[in-house]
$ cat entry.cif   # mmCIF, C-alpha atoms and all ligand atoms
data_target
loop_
_atom_site.label_atom_id
_atom_site.label_comp_id
_atom_site.auth_asym_id
_atom_site.auth_seq_id
_atom_site.Cartn_x
_atom_site.Cartn_y
_atom_site.Cartn_z
CA MET T 1 -13.32 -10.57 -69.13
CA SER T 2 -13.35 -12.08 -72.60
CA LYS T 3 -16.55 -12.86 -74.47
CA PHE T 4 -15.50 -16.50 -74.46
CA LEU T 5 -15.74 -17.15 -70.71
CA ASP T 6 -18.50 -19.54 -69.72
CA LYS T 7 -21.41 -17.61 -68.16
CA ARG T 8 -21.18 -19.78 -65.05
CA TYR T 9 -17.94 -18.00 -64.17
CA SER T 10 -18.78 -14.43 -65.15
CA SER T 11 -19.69 -13.37 -61.61
CA LEU T 12 -17.16 -15.57 -59.84
CA ALA T 13 -15.09 -13.62 -57.32
CA ALA T 14 -11.68 -15.30 -57.23
CA TYR T 15 -9.79 -15.91 -54.01
CA VAL T 16 -7.36 -13.12 -53.14
CA PRO T 17 -4.17 -14.52 -51.59
CA GLY T 18 -2.22 -12.49 -49.05
CA GLU T 19 0.05 -10.01 -50.78
CA GLN T 20 3.56 -11.13 -51.79
CA PRO T 21 5.17 -7.77 -52.56
CA GLN T 22 8.53 -7.69 -54.34
CA ASP T 23 9.35 -3.99 -53.85
CA LYS T 24 11.41 -4.40 -50.69
CA GLN T 25 12.25 -6.82 -47.91
CA TYR T 26 9.39 -6.92 -45.40
CA ILE T 27 9.06 -8.68 -42.09
CA LYS T 28 6.41 -10.94 -43.52
CA LEU T 29 3.71 -11.77 -41.02
CA ASN T 30 0.78 -11.90 -43.45
CA THR T 31 0.45 -15.42 -44.91
CA ASN T 32 1.14 -17.75 -41.97
CA GLU T 33 4.38 -19.11 -43.35
CA SER T 34 6.91 -20.57 -40.94
CA PRO T 35 9.76 -18.25 -39.95
CA TYR T 36 12.06 -21.28 -39.84
CA PRO T 37 13.59 -23.02 -42.85
CA PRO T 38 12.79 -26.63 -43.72
CA SER T 39 14.98 -29.18 -41.87
CA PRO T 40 18.54 -29.65 -43.20
CA GLU T 41 17.51 -33.14 -44.38
CA THR T 42 14.58 -31.67 -46.32
CA VAL T 43 16.84 -29.14 -48.02
CA ALA T 44 19.48 -31.80 -48.79
CA ALA T 45 16.84 -34.03 -50.40
CA VAL T 46 16.28 -31.47 -53.16
CA ASN T 47 19.70 -32.17 -54.68
CA LYS T 48 21.32 -32.20 -58.10
CA SER T 49 20.56 -35.83 -58.88
CA GLU T 50 16.88 -35.33 -58.02
CA ALA T 51 16.86 -32.22 -60.23
CA GLU T 52 18.31 -34.28 -63.08
CA LEU T 53 15.43 -36.73 -62.69
CA LEU T 54 13.00 -33.94 -63.55
CA ARG T 55 12.96 -35.29 -67.10
CA LEU T 56 10.77 -38.12 -65.73
CA TYR T 57 7.18 -37.78 -64.55
CA PRO T 58 6.69 -38.14 -60.81
CA ASP T 59 4.97 -41.19 -59.30
CA PRO T 60 1.27 -40.24 -59.68
CA ASP T 61 0.51 -42.04 -56.42
CA GLY T 62 3.50 -40.65 -54.52
CA ARG T 63 3.86 -44.09 -52.94
CA VAL T 64 6.99 -43.44 -50.86
CA LEU T 65 5.59 -40.31 -49.26
CA THR T 66 2.07 -41.75 -48.91
CA LYS T 67 3.49 -44.69 -46.95
CA LYS T 68 5.47 -42.39 -44.65
CA ILE T 69 2.40 -40.26 -43.93
CA ALA T 70 0.24 -43.34 -43.38
CA ASP T 71 2.78 -44.76 -40.91
CA LEU T 72 3.16 -41.46 -39.06
CA TYR T 73 -0.59 -41.11 -38.56
CA GLY T 74 -1.29 -44.81 -37.95
CA VAL T 75 -3.55 -45.35 -40.97
CA GLY T 76 -3.32 -47.42 -44.16
CA THR T 77 -1.99 -46.04 -47.46
CA GLU T 78 -5.54 -46.44 -48.86
CA ASN T 79 -6.61 -43.79 -46.33
CA VAL T 80 -4.23 -41.11 -47.65
CA ILE T 81 -4.28 -38.83 -50.70
CA LEU T 82 -1.50 -36.39 -51.58
CA VAL T 83 -2.36 -33.02 -53.08
CA ASN T 84 -0.79 -29.84 -54.40
CA GLY T 85 -1.27 -27.83 -51.20
CA SER T 86 -4.40 -28.36 -49.15
CA ASP T 87 -6.30 -25.91 -51.37
CA ASP T 88 -6.16 -28.67 -53.99
CA ILE T 89 -8.06 -31.15 -51.81
CA LEU T 90 -10.55 -28.52 -50.63
CA ASN T 91 -11.32 -27.92 -54.30
CA PHE T 92 -11.83 -31.66 -54.88
CA ALA T 93 -13.96 -31.97 -51.75
CA PHE T 94 -16.34 -29.22 -52.88
CA MET T 95 -16.40 -30.78 -56.35
CA ALA T 96 -17.09 -34.27 -55.01
CA PHE T 97 -19.43 -33.59 -52.09
CA GLY T 98 -21.02 -30.18 -52.62
CA ALA T 99 -21.30 -29.29 -56.31
CA ASN T 100 -24.22 -28.54 -58.63
CA GLY T 101 -26.79 -27.29 -56.18
CA ARG T 102 -25.92 -29.63 -53.32
CA LYS T 103 -25.85 -28.00 -49.92
CA THR T 104 -22.67 -27.16 -48.04
CA TYR T 105 -22.16 -25.45 -44.70
CA PHE T 106 -19.31 -23.48 -43.20
CA ALA T 107 -18.80 -20.65 -40.71
CA ASP T 108 -19.42 -17.03 -41.70
CA ILE T 109 -15.91 -16.19 -40.61
CA THR T 110 -13.51 -18.87 -41.77
CA TYR T 111 -11.02 -19.62 -44.52
CA GLY T 112 -12.04 -17.37 -47.45
CA PHE T 113 -11.46 -20.05 -50.05
CA TYR T 114 -14.51 -22.11 -48.95
CA SER T 115 -17.00 -19.66 -50.44
CA VAL T 116 -14.87 -19.32 -53.60
CA PHE T 117 -14.86 -23.11 -54.14
CA ALA T 118 -18.56 -23.28 -53.27
CA ASN T 119 -19.33 -20.66 -55.94
CA LEU T 120 -16.95 -22.25 -58.44
CA HIS T 121 -18.76 -25.58 -58.18
CA GLY T 122 -22.30 -24.20 -57.95
CA SER T 123 -22.85 -25.30 -54.38
CA ASP T 124 -25.96 -24.15 -52.51
CA TYR T 125 -23.95 -23.00 -49.50
CA LYS T 126 -25.04 -21.54 -46.20
CA THR T 127 -22.81 -19.82 -43.70
CA ILE T 128 -23.23 -20.43 -39.99
CA PRO T 129 -22.46 -17.41 -37.82
CA LEU T 130 -19.76 -17.58 -35.20
CA GLU T 131 -20.80 -16.48 -31.72
CA ASP T 132 -20.20 -12.87 -30.57
CA ASP T 133 -16.86 -13.90 -29.05
CA PHE T 134 -15.88 -15.53 -32.40
CA THR T 135 -16.08 -19.06 -31.02
CA ILE T 136 -17.89 -21.81 -32.92
CA ASP T 137 -20.96 -23.25 -31.24
CA TYR T 138 -20.53 -26.81 -32.50
CA LYS T 139 -24.27 -27.46 -32.02
CA ARG T 140 -25.00 -25.22 -34.98
CA PHE T 141 -23.01 -27.66 -37.15
CA CYS T 142 -24.95 -30.72 -35.97
CA ASN T 143 -27.84 -32.39 -37.87
CA LEU T 144 -27.32 -30.59 -41.18
CA ASP T 145 -28.33 -31.70 -44.69
CA GLY T 146 -25.13 -31.10 -46.65
CA ALA T 147 -21.35 -31.38 -46.46
CA VAL T 148 -19.72 -29.50 -43.62
CA PHE T 149 -16.40 -27.65 -43.91
CA ILE T 150 -14.79 -26.69 -40.66
CA ALA T 151 -11.31 -25.31 -40.09
CA ASN T 152 -9.91 -26.49 -36.77
CA PRO T 153 -8.35 -24.33 -35.47
CA ASN T 154 -10.43 -21.82 -37.35
CA ALA T 155 -8.86 -19.12 -39.50
CA PRO T 156 -8.48 -16.21 -39.14
CA THR T 157 -9.60 -16.42 -35.49
CA GLY T 158 -7.19 -19.18 -34.39
CA ILE T 159 -9.85 -20.57 -32.03
CA ALA T 160 -10.04 -24.39 -31.84
CA LEU T 161 -12.83 -26.85 -31.12
CA GLY T 162 -12.21 -29.87 -28.90
CA LEU T 163 -12.17 -33.34 -30.40
CA ASP T 164 -15.35 -34.24 -28.49
CA GLU T 165 -17.15 -31.39 -30.26
CA ILE T 166 -15.82 -32.49 -33.66
CA GLU T 167 -17.01 -36.00 -32.84
CA GLU T 168 -20.50 -34.72 -32.04
CA ILE T 169 -20.61 -33.00 -35.46
CA LEU T 170 -19.55 -36.29 -37.11
CA LYS T 171 -22.10 -38.37 -35.22
CA THR T 172 -25.00 -36.07 -36.01
CA ASN T 173 -24.17 -35.83 -39.73
CA PRO T 174 -23.97 -39.51 -40.71
CA ASP T 175 -25.10 -38.79 -44.29
CA ASN T 176 -22.89 -35.76 -44.85
CA VAL T 177 -19.18 -35.55 -45.39
CA VAL T 178 -17.50 -33.50 -42.67
CA VAL T 179 -14.23 -31.96 -43.83
CA VAL T 180 -11.99 -30.96 -40.94
CA ASP T 181 -9.35 -28.60 -42.28
CA GLU T 182 -6.38 -28.98 -39.94
CA ALA T 183 -3.98 -26.56 -41.64
CA TYR T 184 -2.96 -25.22 -38.19
CA VAL T 185 -3.46 -28.33 -36.05
CA ASP T 186 0.22 -28.81 -35.19
CA PHE T 187 0.35 -25.67 -33.06
CA GLY T 188 -1.59 -27.13 -30.16
CA THR T 189 -4.86 -28.77 -31.27
CA GLU T 190 -5.78 -32.45 -31.12
CA SER T 191 -6.14 -33.94 -34.60
CA ALA T 192 -9.30 -35.71 -35.72
CA VAL T 193 -7.20 -38.32 -37.61
CA LYS T 194 -7.79 -40.79 -34.79
CA LEU T 195 -11.54 -40.69 -35.58
CA VAL T 196 -11.09 -41.73 -39.21
CA SER T 197 -11.49 -45.45 -38.47
CA LYS T 198 -14.76 -44.74 -36.63
CA TYR T 199 -16.51 -42.29 -39.00
CA GLU T 200 -16.87 -43.00 -42.71
CA ASN T 201 -17.99 -39.38 -43.24
CA LEU T 202 -14.76 -37.78 -41.94
CA LEU T 203 -12.12 -36.23 -44.18
CA VAL T 204 -9.15 -34.68 -42.38
CA VAL T 205 -7.14 -32.20 -44.43
CA GLN T 206 -3.58 -31.20 -43.55
CA THR T 207 -0.75 -29.27 -45.15
CA PHE T 208 3.05 -29.06 -45.19
CA SER T 209 2.77 -25.28 -45.66
CA LYS T 210 2.73 -24.15 -42.04
CA SER T 211 4.23 -26.48 -39.44
CA ARG T 212 6.59 -28.11 -41.96
CA SER T 213 7.92 -24.88 -43.47
CA MET T 214 7.08 -25.92 -47.05
CA ALA T 215 4.53 -23.38 -48.29
CA GLY T 216 6.57 -22.90 -51.45
CA ALA T 217 6.63 -26.62 -52.28
CA ARG T 218 2.82 -26.95 -52.43
CA LEU T 219 2.13 -30.15 -50.56
CA GLY T 220 -0.97 -31.18 -48.67
CA PHE T 221 -2.76 -34.41 -47.90
CA ALA T 222 -6.04 -35.76 -46.66
CA ILE T 223 -6.85 -38.76 -44.52
CA GLY T 224 -10.20 -40.50 -44.54
CA ASN T 225 -12.14 -43.63 -45.12
CA LYS T 226 -10.96 -45.71 -48.09
CA GLU T 227 -14.07 -45.04 -50.22
CA LEU T 228 -13.93 -41.27 -49.65
CA ILE T 229 -10.26 -41.23 -50.55
CA GLY T 230 -11.05 -43.33 -53.64
CA ASP T 231 -13.62 -40.73 -54.76
CA LEU T 232 -11.04 -37.99 -54.40
CA HIS T 233 -8.39 -39.96 -56.30
CA LYS T 234 -10.89 -40.33 -59.12
CA LEU T 235 -11.27 -36.55 -59.37
CA ARG T 236 -7.51 -36.08 -59.06
CA TYR T 237 -6.88 -38.56 -61.87
CA SER T 238 -9.55 -36.76 -63.91
CA THR T 239 -7.79 -33.41 -63.60
CA ASN T 240 -4.04 -33.83 -63.02
CA PRO T 241 -2.64 -37.21 -61.92
CA TYR T 242 0.86 -35.72 -61.65
CA ASN T 243 -0.27 -33.06 -59.21
CA ILE T 244 2.82 -33.29 -56.99
CA ASN T 245 6.18 -32.64 -58.63
CA ARG T 246 9.22 -34.86 -58.03
CA LEU T 247 11.15 -32.38 -55.91
CA THR T 248 8.21 -31.82 -53.61
CA LEU T 249 7.75 -35.58 -53.19
CA VAL T 250 11.35 -36.09 -52.05
CA ALA T 251 11.29 -32.98 -49.85
CA GLY T 252 8.04 -34.16 -48.26
CA ALA T 253 9.47 -37.61 -47.52
CA ALA T 254 12.54 -36.05 -45.89
CA ALA T 255 10.29 -33.73 -43.89
CA ILE T 256 8.34 -36.67 -42.47
CA ASP T 257 11.70 -38.23 -41.52
CA SER T 258 12.59 -35.00 -39.65
CA GLN T 259 9.43 -34.98 -37.55
CA SER T 260 11.22 -34.00 -34.32
CA TYR T 261 12.79 -30.93 -35.98
CA TYR T 262 9.34 -29.68 -36.94
CA THR T 263 7.79 -30.53 -33.58
CA GLU T 264 10.49 -28.41 -31.92
CA ASN T 265 9.76 -25.51 -34.29
CA CYS T 266 6.05 -25.72 -33.47
CA LYS T 267 6.86 -25.50 -29.77
CA ARG T 268 9.02 -22.44 -30.38
CA ILE T 269 6.22 -20.84 -32.38
CA GLU T 270 3.69 -21.59 -29.63
CA LYS T 271 6.00 -19.94 -27.09
CA THR T 272 6.43 -16.88 -29.31
CA ARG T 273 2.64 -16.80 -29.77
CA GLU T 274 2.18 -16.54 -26.00
CA PHE T 275 4.80 -13.78 -25.82
CA THR T 276 3.11 -11.86 -28.67
CA THR T 277 -0.34 -12.25 -27.11
CA ASN T 278 0.90 -10.94 -23.75
CA GLU T 279 2.67 -7.98 -25.30
CA LEU T 280 -0.36 -7.04 -27.42
CA GLU T 281 -2.64 -7.33 -24.40
CA LYS T 282 -0.32 -5.03 -22.45
CA LEU T 283 -0.88 -2.51 -25.25
CA GLY T 284 -4.64 -2.81 -24.77
CA PHE T 285 -5.37 -5.16 -27.68
CA ARG T 286 -8.08 -7.75 -27.57
CA VAL T 287 -6.38 -10.94 -28.77
CA LEU T 288 -8.50 -14.00 -29.54
CA PRO T 289 -7.23 -17.21 -27.87
CA SER T 290 -5.21 -18.72 -30.72
CA LYS T 291 -4.07 -22.29 -31.21
CA ALA T 292 -2.56 -21.46 -34.60
CA ASN T 293 0.69 -19.89 -35.85
CA PHE T 294 -1.00 -16.48 -35.90
CA VAL T 295 -2.98 -14.22 -33.62
CA PHE T 296 -6.06 -12.19 -34.46
CA ALA T 297 -6.10 -8.88 -32.63
CA GLU T 298 -7.95 -5.57 -32.46
CA SER T 299 -7.48 -2.33 -30.60
CA ASP T 300 -9.79 0.55 -29.64
CA THR T 301 -6.97 3.03 -30.15
CA VAL T 302 -6.06 2.35 -33.75
CA SER T 303 -8.31 0.89 -36.44
CA GLY T 304 -7.46 -2.40 -38.14
CA GLU T 305 -6.86 -0.70 -41.47
CA GLU T 306 -4.72 2.10 -40.05
CA LEU T 307 -2.55 -0.33 -38.14
CA TYR T 308 -2.09 -2.50 -41.22
CA LEU T 309 -1.15 0.48 -43.42
CA LYS T 310 1.23 2.04 -40.89
CA LEU T 311 2.96 -1.26 -40.22
CA LYS T 312 3.37 -1.79 -43.96
CA GLU T 313 4.98 1.65 -44.29
CA MET T 314 7.38 0.59 -41.54
CA GLY T 315 8.24 -2.66 -43.36
CA VAL T 316 6.04 -5.10 -41.44
CA LEU T 317 3.28 -6.92 -43.33
CA VAL T 318 0.23 -8.25 -41.51
CA ARG T 319 -3.11 -9.37 -42.95
CA HIS T 320 -6.15 -7.12 -42.81
CA PHE T 321 -9.59 -8.34 -43.91
CA THR T 322 -12.30 -5.92 -44.92
CA SER T 323 -15.45 -7.90 -44.12
CA ASP T 324 -17.68 -6.15 -41.61
CA ARG T 325 -17.40 -8.30 -38.51
CA ILE T 326 -13.62 -8.45 -38.55
CA LYS T 327 -12.49 -5.22 -40.19
CA ASN T 328 -11.04 -3.82 -36.98
CA PHE T 329 -8.77 -6.87 -36.58
CA ASN T 330 -5.43 -7.82 -38.05
CA ARG T 331 -4.15 -11.36 -38.43
CA ILE T 332 -0.52 -11.48 -37.42
CA THR T 333 1.60 -14.52 -38.27
CA ILE T 334 3.97 -15.61 -35.52
CA GLY T 335 7.53 -15.03 -36.69
CA THR T 336 10.80 -15.44 -34.83
CA PRO T 337 11.07 -13.85 -31.35
CA GLU T 338 13.26 -11.11 -32.92
CA GLN T 339 10.62 -10.33 -35.56
CA MET T 340 7.90 -10.17 -32.92
CA HIS T 341 9.97 -7.78 -30.77
CA ILE T 342 10.28 -5.50 -33.80
CA LEU T 343 6.53 -5.79 -34.45
CA ILE T 344 5.68 -4.84 -30.86
CA ASP T 345 8.09 -1.88 -30.95
CA LYS T 346 6.53 -0.63 -34.19
CA ILE T 347 3.01 -1.00 -32.81
CA LYS T 348 4.04 0.98 -29.70
CA GLU T 349 5.39 3.74 -31.95
CA ILE T 350 2.16 3.82 -33.93
CA MET T 351 0.00 3.91 -30.82
CA GLU T 352 2.02 6.68 -29.22
CA ALA T 353 1.51 8.82 -32.31
CA VAL T 354 -2.31 8.51 -32.51
N1 LIG T 401 -6.81 -24.12 -44.95
C1 LIG T 401 -6.67 -23.02 -44.22
C2 LIG T 401 -7.55 -22.83 -43.03
C3 LIG T 401 -5.68 -22.09 -44.54
O1 LIG T 401 -5.54 -20.96 -43.83
C4 LIG T 401 -4.85 -22.32 -45.66
C5 LIG T 401 -3.74 -21.34 -46.01
N2 LIG T 401 -4.08 -20.29 -46.80
C6 LIG T 401 -5.08 -23.46 -46.41
C7 LIG T 401 -6.05 -24.37 -46.02
C8 LIG T 401 -4.32 -23.78 -47.68
O2 LIG T 401 -2.99 -23.97 -47.47
P1 LIG T 401 -2.07 -24.72 -48.54
O3 LIG T 401 -2.81 -24.75 -49.86
O4 LIG T 401 -0.83 -23.91 -48.59
O5 LIG T 401 -1.87 -26.10 -48.00
#
$ encode --input "entry.cif" --output "structure tokens"
Amino acid sequence: MSKFLDKRYSSLAAYVPGEQPQDKQYIKLNTNESPYPPSPETVAAVNKSEAELLRLYPDPDGRVLTKKIADLYGVGTENVILVNGSDDILNFAFMAFGANGRKTYFADITYGFYSVFANLHGSDYKTIPLEDDFTIDYKRFCNLDGAVFIANPNAPTGIALGLDEIEEILKTNPDNVVVVDEAYVDFGTESAVKLVSKYENLLVVQTFSKSRSMAGARLGFAIGNKELIGDLHKLRYSTNPYNINRLTLVAGAAAIDSQSYYTENCKRIEKTREFTTNELEKLGFRVLPSKANFVFAESDTVSGEELYLKLKEMGVLVRHFTSDRIKNFNRITIGTPEQMHILIDKIKEIMEAV
């Protein structure tokens, strides 16, 4: 650390992304990317003439893509904001609704970036424990006195709340913004977007990184009441108005036009998720009921860390977290059926040897 860093940041623990090793080709099941490429139309959109246009700034309001997203989700363009991956909007949401000593609430086991943003912006945050079975008791998120951040489905558990439970949280927090992070919603959970017209405190956050195979393009968006979205645009314009590059904007528009391609991929991933869950259960794993493109699993035979390390040696990357409640688990992204067959074979080998 240099002597120049502001004291506010000296004890900040930065977010640690899943590893992206370059030493060899892994079967990469550690960062919840899609195993399928973007649609042919999405790939074709990133063409030579678009690349030549890189000399020009992108549209700071991404109007073409914003309109497509608004139409797809049945809202107005004033209800949509585009961001550089959903992490970008989560950052703005903490900045806008939970900074400088204001209270924020999120689960004790959830997306690790929430506590990083909370610390970054000086939020007075409290974590709400998940139940023993890792479900969320929605009642614990009702009647709070600060902004609420809830991933639905949750990560890394994959467990989803029903829309009626989300609605109860919204109703009982009329003076608090409720951010519903739907990064994994397309793999079998009902979206809260349809509640946006009813609740001025709702901000729904989504991403192109998972179900639309565009993690590398960095594209996310949020949908909410016009005033909330206006607040977030103000922060965006006060940091980086050109937050989405031209190539990502055209790729995103083509992706929205290829909706059925991505819906099909999600169905395939859901099917592979059920296969993977069954196979892991046959091997004695406890697998949490996932509605995401990953499963969270633990075994009594082999520790979470040992399984992670042995799989890595064998060329398969999964994600292991070291915090106490979940250190025996691994989060395994759902890949292609072929990749998951290899994973199961490797796990069998490891378990036979212990
Ligand atoms: N929310 C959750 C729950 C996530 O797991 C992730 C992925 N790390 C994100 C948001 C951010 O994804 P992105 O910035 O790629 O949109």
$ residues_near_ligand --input "entry.cif" --ligand "ligand LIG 401 (chain T)" --cutoff "10 Å" --atoms "only C-alpha atoms and all ligand atoms" --output "VMD selection string"
chain T and resid 17 to 18 31 to 33 83 to 90 110 to 114 150 to 156 158 180 to 185 205 to 210 214 to 221 292
$ atom_distance --input "entry.cif" --atom1 "CA of Asp345 in chain T" --atom2 "CA of Thr263 in chain T"
28.8 Å
$ atom_distance --input "entry.cif" --atom1 "CA of Ala254 in chain T" --atom2 "CA of Thr239 in chain T"
27.1 Å
$ closest_atom_pairs --input "entry.cif" --of "range 45-98 of chain T" --to "range 222-233 of chain T" --cutoff "6 Å" --atoms "all atoms listed in the file" --output "CSV"
residue,atom,partner,partner_atom,distance
T:Glu78,CA,T:Lys226,CA,5.5
T:Asn79,CA,T:Lys226,CA,5.1
T:Val80,CA,T:Ile223,CA,4.7
T:Ile81,CA,T:Ala222,CA,5.4
$ atom_distance --input "entry.cif" --atom1 "CA of Thr77 in chain T" --atom2 "CA of Lys234 in chain T"
15.7 Å
$ closest_residue --input "entry.cif" --among "T:Phe187, T:Tyr15, T:Phe294, T:Tyr138" --to "Gly162 in chain T" --atoms "all atoms listed in the file"
T:Tyr138
$ residues_around --input "entry.cif" --residues "range 164-178 of chain T" --least-positions-apart "2" --cutoff "10 Å" --atoms "all atoms listed in the file" --output "number ranges by chain"
T: 93, 96-98, 103-105, 136-150, 152, 161-162, 180-181, 191-192, 195, 198-204, 228
$ residues_around --input "entry.cif" --residues "range 34-49 of chain T" --least-positions-apart "5" --cutoff "8 Å" --atoms "only C-alpha atoms" --output "list in words"
Ser209, Lys210, Ser211, Arg212, Ser213, Met214, Leu247, Val250, Ala251, Gly252, Ala253, Ala254, Ala255, Ser258, Tyr261, Tyr262, Asn265, Ile334, Gly335 and Thr336 of chain T
$ residues_around --input "entry.cif" --residues "Ile344 in chain T" --least-positions-apart "4" --cutoff "10 Å" --atoms "only C-alpha atoms" --output "PyMOL selection string"
chain T and resi 276+279-280+283+339-340+348-350
$ build_atoms --input "entry.cif" --residues "range 135-153 of chain T" --atoms "N, CA, C and O atoms" --output "PDB file, in the coordinates of the input"
ATOM      1  N   THR T 135     -16.190 -17.604 -31.156  1.00  0.00           N
ATOM      2  CA  THR T 135     -16.080 -19.060 -31.020  1.00  0.00           C
ATOM      3  C   THR T 135     -17.114 -19.714 -31.933  1.00  0.00           C
ATOM      4  O   THR T 135     -18.060 -19.071 -32.390  1.00  0.00           O
ATOM      5  N   ILE T 136     -16.913 -21.019 -32.175  1.00  0.00           N
ATOM      6  CA  ILE T 136     -17.890 -21.810 -32.920  1.00  0.00           C
ATOM      7  C   ILE T 136     -18.753 -22.530 -31.907  1.00  0.00           C
ATOM      8  O   ILE T 136     -18.229 -23.188 -30.999  1.00  0.00           O
ATOM      9  N   ASP T 137     -20.075 -22.405 -32.034  1.00  0.00           N
ATOM     10  CA  ASP T 137     -20.960 -23.250 -31.240  1.00  0.00           C
ATOM     11  C   ASP T 137     -21.177 -24.516 -32.072  1.00  0.00           C
ATOM     12  O   ASP T 137     -21.900 -24.494 -33.061  1.00  0.00           O
ATOM     13  N   TYR T 138     -20.525 -25.593 -31.660  1.00  0.00           N
ATOM     14  CA  TYR T 138     -20.530 -26.810 -32.500  1.00  0.00           C
ATOM     15  C   TYR T 138     -21.946 -27.302 -32.770  1.00  0.00           C
ATOM     16  O   TYR T 138     -22.208 -27.947 -33.782  1.00  0.00           O
ATOM     17  N   LYS T 139     -22.884 -26.960 -31.850  1.00  0.00           N
ATOM     18  CA  LYS T 139     -24.270 -27.460 -32.020  1.00  0.00           C
ATOM     19  C   LYS T 139     -24.894 -26.952 -33.303  1.00  0.00           C
ATOM     20  O   LYS T 139     -25.740 -27.606 -33.898  1.00  0.00           O
ATOM     21  N   ARG T 140     -24.458 -25.774 -33.730  1.00  0.00           N
ATOM     22  CA  ARG T 140     -25.000 -25.220 -34.980  1.00  0.00           C
ATOM     23  C   ARG T 140     -24.548 -26.022 -36.207  1.00  0.00           C
ATOM     24  O   ARG T 140     -25.055 -25.821 -37.299  1.00  0.00           O
ATOM     25  N   PHE T 141     -23.517 -26.840 -36.025  1.00  0.00           N
ATOM     26  CA  PHE T 141     -23.010 -27.660 -37.150  1.00  0.00           C
ATOM     27  C   PHE T 141     -23.542 -29.095 -37.088  1.00  0.00           C
ATOM     28  O   PHE T 141     -23.142 -29.932 -37.889  1.00  0.00           O
ATOM     29  N   CYS T 142     -24.410 -29.365 -36.110  1.00  0.00           N
ATOM     30  CA  CYS T 142     -24.950 -30.720 -35.970  1.00  0.00           C
ATOM     31  C   CYS T 142     -26.231 -30.855 -36.792  1.00  0.00           C
ATOM     32  O   CYS T 142     -26.917 -29.861 -37.050  1.00  0.00           O
ATOM     33  N   ASN T 143     -26.560 -32.084 -37.191  1.00  0.00           N
ATOM     34  CA  ASN T 143     -27.840 -32.390 -37.870  1.00  0.00           C
ATOM     35  C   ASN T 143     -28.092 -31.508 -39.094  1.00  0.00           C
ATOM     36  O   ASN T 143     -29.181 -30.936 -39.235  1.00  0.00           O
ATOM     37  N   LEU T 144     -27.148 -31.391 -39.968  1.00  0.00           N
ATOM     38  CA  LEU T 144     -27.320 -30.590 -41.180  1.00  0.00           C
ATOM     39  C   LEU T 144     -27.701 -31.499 -42.354  1.00  0.00           C
ATOM     40  O   LEU T 144     -27.804 -32.718 -42.197  1.00  0.00           O
ATOM     41  N   ASP T 145     -27.917 -30.879 -43.535  1.00  0.00           N
ATOM     42  CA  ASP T 145     -28.330 -31.700 -44.690  1.00  0.00           C
ATOM     43  C   ASP T 145     -27.407 -31.439 -45.884  1.00  0.00           C
ATOM     44  O   ASP T 145     -27.845 -31.366 -47.021  1.00  0.00           O
ATOM     45  N   GLY T 146     -26.114 -31.290 -45.586  1.00  0.00           N
ATOM     46  CA  GLY T 146     -25.130 -31.100 -46.650  1.00  0.00           C
ATOM     47  C   GLY T 146     -23.735 -31.225 -46.059  1.00  0.00           C
ATOM     48  O   GLY T 146     -23.574 -31.324 -44.830  1.00  0.00           O
ATOM     49  N   ALA T 147     -22.738 -31.240 -46.933  1.00  0.00           N
ATOM     50  CA  ALA T 147     -21.350 -31.380 -46.460  1.00  0.00           C
ATOM     51  C   ALA T 147     -20.960 -30.196 -45.580  1.00  0.00           C
ATOM     52  O   ALA T 147     -21.401 -29.065 -45.795  1.00  0.00           O
ATOM     53  N   VAL T 148     -20.138 -30.500 -44.591  1.00  0.00           N
ATOM     54  CA  VAL T 148     -19.720 -29.500 -43.620  1.00  0.00           C
ATOM     55  C   VAL T 148     -18.220 -29.262 -43.785  1.00  0.00           C
ATOM     56  O   VAL T 148     -17.449 -30.221 -43.880  1.00  0.00           O
ATOM     57  N   PHE T 149     -17.821 -27.993 -43.837  1.00  0.00           N
ATOM     58  CA  PHE T 149     -16.400 -27.650 -43.910  1.00  0.00           C
ATOM     59  C   PHE T 149     -16.053 -26.848 -42.672  1.00  0.00           C
ATOM     60  O   PHE T 149     -16.648 -25.810 -42.410  1.00  0.00           O
ATOM     61  N   ILE T 150     -15.106 -27.351 -41.917  1.00  0.00           N
ATOM     62  CA  ILE T 150     -14.790 -26.690 -40.660  1.00  0.00           C
ATOM     63  C   ILE T 150     -13.279 -26.638 -40.487  1.00  0.00           C
ATOM     64  O   ILE T 150     -12.610 -27.668 -40.614  1.00  0.00           O
ATOM     65  N   ALA T 151     -12.753 -25.448 -40.311  1.00  0.00           N
ATOM     66  CA  ALA T 151     -11.310 -25.310 -40.090  1.00  0.00           C
ATOM     67  C   ALA T 151     -11.076 -25.405 -38.588  1.00  0.00           C
ATOM     68  O   ALA T 151     -11.693 -24.678 -37.808  1.00  0.00           O
ATOM     69  N   ASN T 152     -10.200 -26.318 -38.197  1.00  0.00           N
ATOM     70  CA  ASN T 152      -9.910 -26.490 -36.770  1.00  0.00           C
ATOM     71  C   ASN T 152      -8.415 -26.619 -36.535  1.00  0.00           C
ATOM     72  O   ASN T 152      -7.840 -27.639 -36.901  1.00  0.00           O
ATOM     73  N   PRO T 153      -7.779 -25.586 -35.917  1.00  0.00           N
ATOM     74  CA  PRO T 153      -8.350 -24.330 -35.470  1.00  0.00           C
ATOM     75  C   PRO T 153      -8.916 -23.527 -36.649  1.00  0.00           C
ATOM     76  O   PRO T 153      -8.486 -23.700 -37.786  1.00  0.00           O
TER      77      PRO T 153
END
